[in-house]
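K.L.:
Below: one structure in structure tokens.
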Amino acid sequence: THELRTDHAVMALGHSSRDTFAMLYRRGVFVEAKPFSIGFRIEHPQGLIDRARWGRHAGHPLLGAAEYKLVHHVTQGEGQGRSVYSFCMCPGGTVVAATSEPGRVVTNGMSQYSRNERNANAGIVVGIDPRDFPADAASFNAAFGDSVDAERRPADAFHPLAGIVLQRQLEASAYTLGGSTYEAPGQLVGDFLADKASTALGDVLPSYRPGVKLGSLATALPSYAIAAIREALPVFGKKIKGFDRPDAVLTGVETRTSAPLRITRGDDFQSLNVAGLYPAGEGAGYAGGILSAGVDGIRVAEALAASIASGR
């Protein structure tokens with residue numbers, strides 16, 4: 001073990017730095033639960049998106065692969081009041097494995113610079129907040145063992161690590177639904193809307209590796225999230241013709257949209273209770289992607305430089 005003492009430390013974590021989050025919590029650094037989103041990846045032929053967005057100009061080399069942004073505010077059923085939206089849309093891209101722990105499955109998406117893969121993909125996710133997170137001791141024990149006390153939390157507040165508990169629950173369930181081989185569970189959109197298990201692919205071939213195991217995703221997310229996505233997909237089909245085509249593929253699960261907690265800081269960009277500690281970027285809960293994390297890093301660097309210059 002090597003110890004390096006300093007008066008100023010920038011902690012620019014990724015949103016999946018769960019071991020470090022738990023360490024900070026155990027050492028008493030102020031952290032708090034925050035909202036994030038959960039859902040699936042959806043794949044369509046890129047040509048379908050191009051035609052819907054570019055019309056007769058689809059395929060023109062100057063336009064490239066088309067993108068989209070969609071949002072729907074749920075008005076009925078168990079998901080009422082929640083928002084469903086497209087996240088991290090990847091034109092001409094692939095669905096990729098983002099698993100960082102054994103016995104769990106997580107999906108993400110990416111595009112190469114060329115954006116010339118056969119499918120478009122995006123996360124279709126539902127916003128959730130700390131009221132949706134587990135609070136029982138059994139769930140915390142399953143997620144963290146005895147290293148985290150489920151009862152230790154600020155008065156009148158949600159447990160700071162409860163979002164990680166939910167993520168681990170959903171990711172472990174996805175691993176099981178996928179056959180416990182690190183294949184991802186999948187379902188065709190038509191079958192998902194009809195609430196019946198999928199048994200065969202249509203024309204849309206999923207890009208996820210090591211593979212997709214077809215079945216039902218009805219238990220892959222909480223029931224309110226399933227209800228919300230079922231309402232949203234036909235609405236999205238009215239905005240982009242063919243978006244809800246029956247053989248489009250849903251692949252589960254997407255749980256790493258942003259950090260499930262915030263390492264809260266003050267106006268000086270330092271931790272509320274640890275002077276000299278500068279949380280930054282996605283893992284600190286102050287960014288939601290590469291660009292916003294970079295901007296936040298600049299702001300933190302400026303605050304740090306001002307602090308050093310003033311001798312504080």
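Convention: chains lettered A, B, ... in structure tokens order; per-chain residue numbering from 1; ligands numbered from 1 as shown.
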Residues at most 12 Å from Glu231 in chain A, counting only C-alpha atoms, excluding those fewer than 6 positions away in the same chain, as number ranges by chain?
P.N.:
A: 71-85, 124, 126, 189, 192-194, 224-225, 237, 244
K.L.:
Compile the contact shell of Phe30 in chain A as a PyMOL selection string: residues with an atom at most 10 Å away, counting only C-alpha atoms, same-chain residues fewer than 5 positions apart removed.
P.N.:
chain A and resi 24-25+154+160+262-265+271-274
K.L.:
Store the residues of this selection in a file with C-alpha atoms, as a CSV table (one decimal), in the first residue's frame.
P.N.:
chain,number,residue,atom,x,y,z
A,24,LEU,CA,-16.3,6.8,0.4
A,25,TYR,CA,-19.5,6.0,2.1
A,154,PRO,CA,-28.8,10.6,6.9
A,160,PRO,CA,-26.9,6.8,-0.6
A,262,ARG,CA,-23.9,12.2,-6.0
A,263,ILE,CA,-20.8,13.0,-4.1
A,264,THR,CA,-22.3,16.3,-3.1
A,265,ARG,CA,-20.1,19.4,-3.2
A,271,SER,CA,-17.0,17.9,-0.8
A,272,LEU,CA,-19.5,19.2,1.7
A,273,ASN,CA,-17.6,17.6,4.6
A,274,VAL,CA,-14.1,16.8,3.3
K.L.:
Skip Leu250 in chain A itself and residues of its chain fewer than 6 positions away, then list as number ranges by chain all residues within 7 Å of it, counting only C-alpha atoms.
P.N.:
A: 40-43, 186-189
K.L.:
Restricted to C-alpha atoms, what would the selected residues look like written as an mmCIF file, in the first residue's frame?
P.N.:
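Output file out.cif is given in full below:
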data_model
loop_
_atom_site.group_PDB
_atom_site.id
_atom_site.type_symbol
_atom_site.label_atom_id
_atom_site.label_comp_id
_atom_site.auth_asym_id
_atom_site.auth_seq_id
_atom_site.Cartn_x
_atom_site.Cartn_y
_atom_site.Cartn_z
ATOM 1 C CA PHE A 40 -33.456 -1.588 -22.718
ATOM 2 C CA ARG A 41 -31.537 -1.140 -25.962
ATOM 3 C CA ILE A 42 -33.659 -1.098 -29.127
ATOM 4 C CA GLU A 43 -32.338 -1.952 -32.597
ATOM 5 C CA GLY A 186 -33.975 -10.094 -25.680
ATOM 6 C CA GLN A 187 -37.481 -9.804 -27.083
ATOM 7 C CA LEU A 188 -39.076 -8.576 -30.296
ATOM 8 C CA VAL A 189 -41.023 -5.336 -29.937
#
K.L.:
From the DSSP assignment of the backbone, select every residue of range 224-253 of chain A that is strand (DSSP E), and format the answer as a list in words.
P.N.:
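The residues of range 224-253 of chain A classed as strand (DSSP E) are Val249, Leu250, Thr251, Gly252 and Val253 of chain A.
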K.L.:
Please list as number ranges by chain every residue within 8 Å of Gln46 in chain A, counting only C-alpha atoms and excluding residues in the same chain fewer than 6 positions away.
P.N.:
A: 65-66, 91-92, 117-120
K.L.:
Do you know which residues are at most 7 Å from Val10 in chain A counting only C-alpha atoms, after dropping those on the same chain fewer than 2 positions away, and could you put them as an NGL selection string?
P.N.:
:A and (8 or 12 or 277-280)
K.L.:
Which residues are near Leu13 in chain A? Cut-off 9 Å, only C-alpha atoms, ignore same chain within fewer than 4 positions. Put them as a list in words.
P.N.:
Ser17, Thr20, Pro279, Ala280, Gly281, Glu282, Gly283 and Ala284 of chain A
K.L.:
Output all heavy atoms for every residue in that selection, as a PDB file, in the first residue's frame.
P.N.:
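Output contents, as saved in result-v8.pdb:
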ATOM      1  N   SER A  17     -18.131   3.209 -10.654  1.00  0.00           N
ATOM      2  CA  SER A  17     -17.038   2.981  -9.688  1.00  0.00           C
ATOM      3  C   SER A  17     -17.600   2.564  -8.337  1.00  0.00           C
ATOM      4  O   SER A  17     -17.439   3.249  -7.323  1.00  0.00           O
ATOM      5  CB  SER A  17     -16.193   4.252  -9.551  1.00  0.00           C
ATOM      6  OG  SER A  17     -15.650   4.636 -10.783  1.00  0.00           O
ATOM      7  N   THR A  20     -15.398   2.196  -5.147  1.00  0.00           N
ATOM      8  CA  THR A  20     -14.975   3.484  -4.595  1.00  0.00           C
ATOM      9  C   THR A  20     -16.145   4.204  -3.937  1.00  0.00           C
ATOM     10  O   THR A  20     -15.981   4.832  -2.889  1.00  0.00           O
ATOM     11  CB  THR A  20     -14.362   4.367  -5.692  1.00  0.00           C
ATOM     12  OG1 THR A  20     -13.315   3.633  -6.342  1.00  0.00           O
ATOM     13  CG2 THR A  20     -13.783   5.641  -5.109  1.00  0.00           C
ATOM     14  N   PRO A 279     -14.953  16.353  -6.055  1.00  0.00           N
ATOM     15  CA  PRO A 279     -15.629  15.368  -6.900  1.00  0.00           C
ATOM     16  C   PRO A 279     -15.912  15.982  -8.267  1.00  0.00           C
ATOM     17  O   PRO A 279     -16.319  17.142  -8.369  1.00  0.00           O
ATOM     18  CB  PRO A 279     -16.931  15.076  -6.146  1.00  0.00           C
ATOM     19  CG  PRO A 279     -16.733  15.668  -4.770  1.00  0.00           C
ATOM     20  CD  PRO A 279     -15.794  16.802  -4.948  1.00  0.00           C
ATOM     21  N   ALA A 280     -15.722  15.205  -9.337  1.00  0.00           N
ATOM     22  CA  ALA A 280     -15.887  15.742 -10.683  1.00  0.00           C
ATOM     23  C   ALA A 280     -16.487  14.707 -11.621  1.00  0.00           C
ATOM     24  O   ALA A 280     -16.245  13.504 -11.487  1.00  0.00           O
ATOM     25  CB  ALA A 280     -14.541  16.229 -11.240  1.00  0.00           C
ATOM     26  N   GLY A 281     -17.260  15.186 -12.585  1.00  0.00           N
ATOM     27  CA  GLY A 281     -17.710  14.348 -13.687  1.00  0.00           C
ATOM     28  C   GLY A 281     -18.873  13.427 -13.371  1.00  0.00           C
ATOM     29  O   GLY A 281     -19.656  13.638 -12.453  1.00  0.00           O
ATOM     30  N   GLU A 282     -18.953  12.353 -14.169  1.00  0.00           N
ATOM     31  CA  GLU A 282     -20.113  11.458 -14.102  1.00  0.00           C
ATOM     32  C   GLU A 282     -20.231  10.742 -12.764  1.00  0.00           C
ATOM     33  O   GLU A 282     -21.310  10.661 -12.181  1.00  0.00           O
ATOM     34  CB  GLU A 282     -20.046  10.427 -15.231  1.00  0.00           C
ATOM     35  CG  GLU A 282     -20.411  10.979 -16.592  1.00  0.00           C
ATOM     36  CD  GLU A 282     -20.930   9.892 -17.520  1.00  0.00           C
ATOM     37  OE1 GLU A 282     -22.074   9.445 -17.343  1.00  0.00           O
ATOM     38  OE2 GLU A 282     -20.170   9.485 -18.423  1.00  0.00           O
ATOM     39  N   GLY A 283     -19.127  10.188 -12.284  1.00  0.00           N
ATOM     40  CA  GLY A 283     -19.181   9.440 -11.040  1.00  0.00           C
ATOM     41  C   GLY A 283     -19.518  10.294  -9.841  1.00  0.00           C
ATOM     42  O   GLY A 283     -20.049   9.796  -8.846  1.00  0.00           O
ATOM     43  N   ALA A 284     -19.235  11.578  -9.933  1.00  0.00           N
ATOM     44  CA  ALA A 284     -19.586  12.492  -8.845  1.00  0.00           C
ATOM     45  C   ALA A 284     -21.054  12.882  -8.894  1.00  0.00           C
ATOM     46  O   ALA A 284     -21.576  13.487  -7.955  1.00  0.00           O
ATOM     47  CB  ALA A 284     -18.720  13.743  -8.924  1.00  0.00           C
TER      48      ALA A 284
END
K.L.:
Within 9 Å of Gly163 in chain A, counting only C-alpha atoms, which residues qualify if same-chain residues fewer than 6 places away don't, as a list of chain:residue names?
P.N.:
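Listed by chain and then number, they are A:Ala33, A:Lys34, A:Pro35, A:Phe36, A:Asp129, A:Pro130, A:Asp132, A:Phe133, A:Pro134, A:Ala259, A:Pro260, A:Leu261.
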K.L.:
Enter the distance from CA of Gly47 in chain A to CA of Gly64 in chain A, in Å, rounded to one decimal.
P.N.:
10.6 Å
K.L.:
Report the distance between CA of Arg51 in chain A and CA of Thr107 in chain A in Å, rounded to one decimal place.
P.N.:
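Value for the CA of Arg51 in chain A-CA of Thr107 in chain A distance: 26.5 Å.
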K.L.:
Run DSSP on the backbone of this structure and report the residues of range 65-199 of chain A it assigns to helix (DSSP H, G or I), as a ChimeraX atom specification.
P.N.:
/A:130-132,137-144,162-177,189-194
K.L.:
Pull the closest atom pair for each residue of range 49-130 of chain A that gets at most 7 Å from range 165-184 of chain A, along with the distance in Å to one decimal, counting only C-alpha atoms, ordering rows by chain and then ascending residue number, as CSV.
P.N.:
residue,atom,partner,partner_atom,distance
A:Gly103,CA,A:Ala172,CA,6.0
A:Arg104,CA,A:Ala172,CA,4.4
A:Val105,CA,A:Tyr175,CA,4.9
A:Val106,CA,A:Glu171,CA,6.0
K.L.:
What's the separation between CA of Phe87 in chain A and CA of Gly123 in chain A, in Å to one decimal place?
P.N.:
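Taking CA of Phe87 in chain A as the start and CA of Gly123 in chain A as the end point, the length is 4.7 Å.
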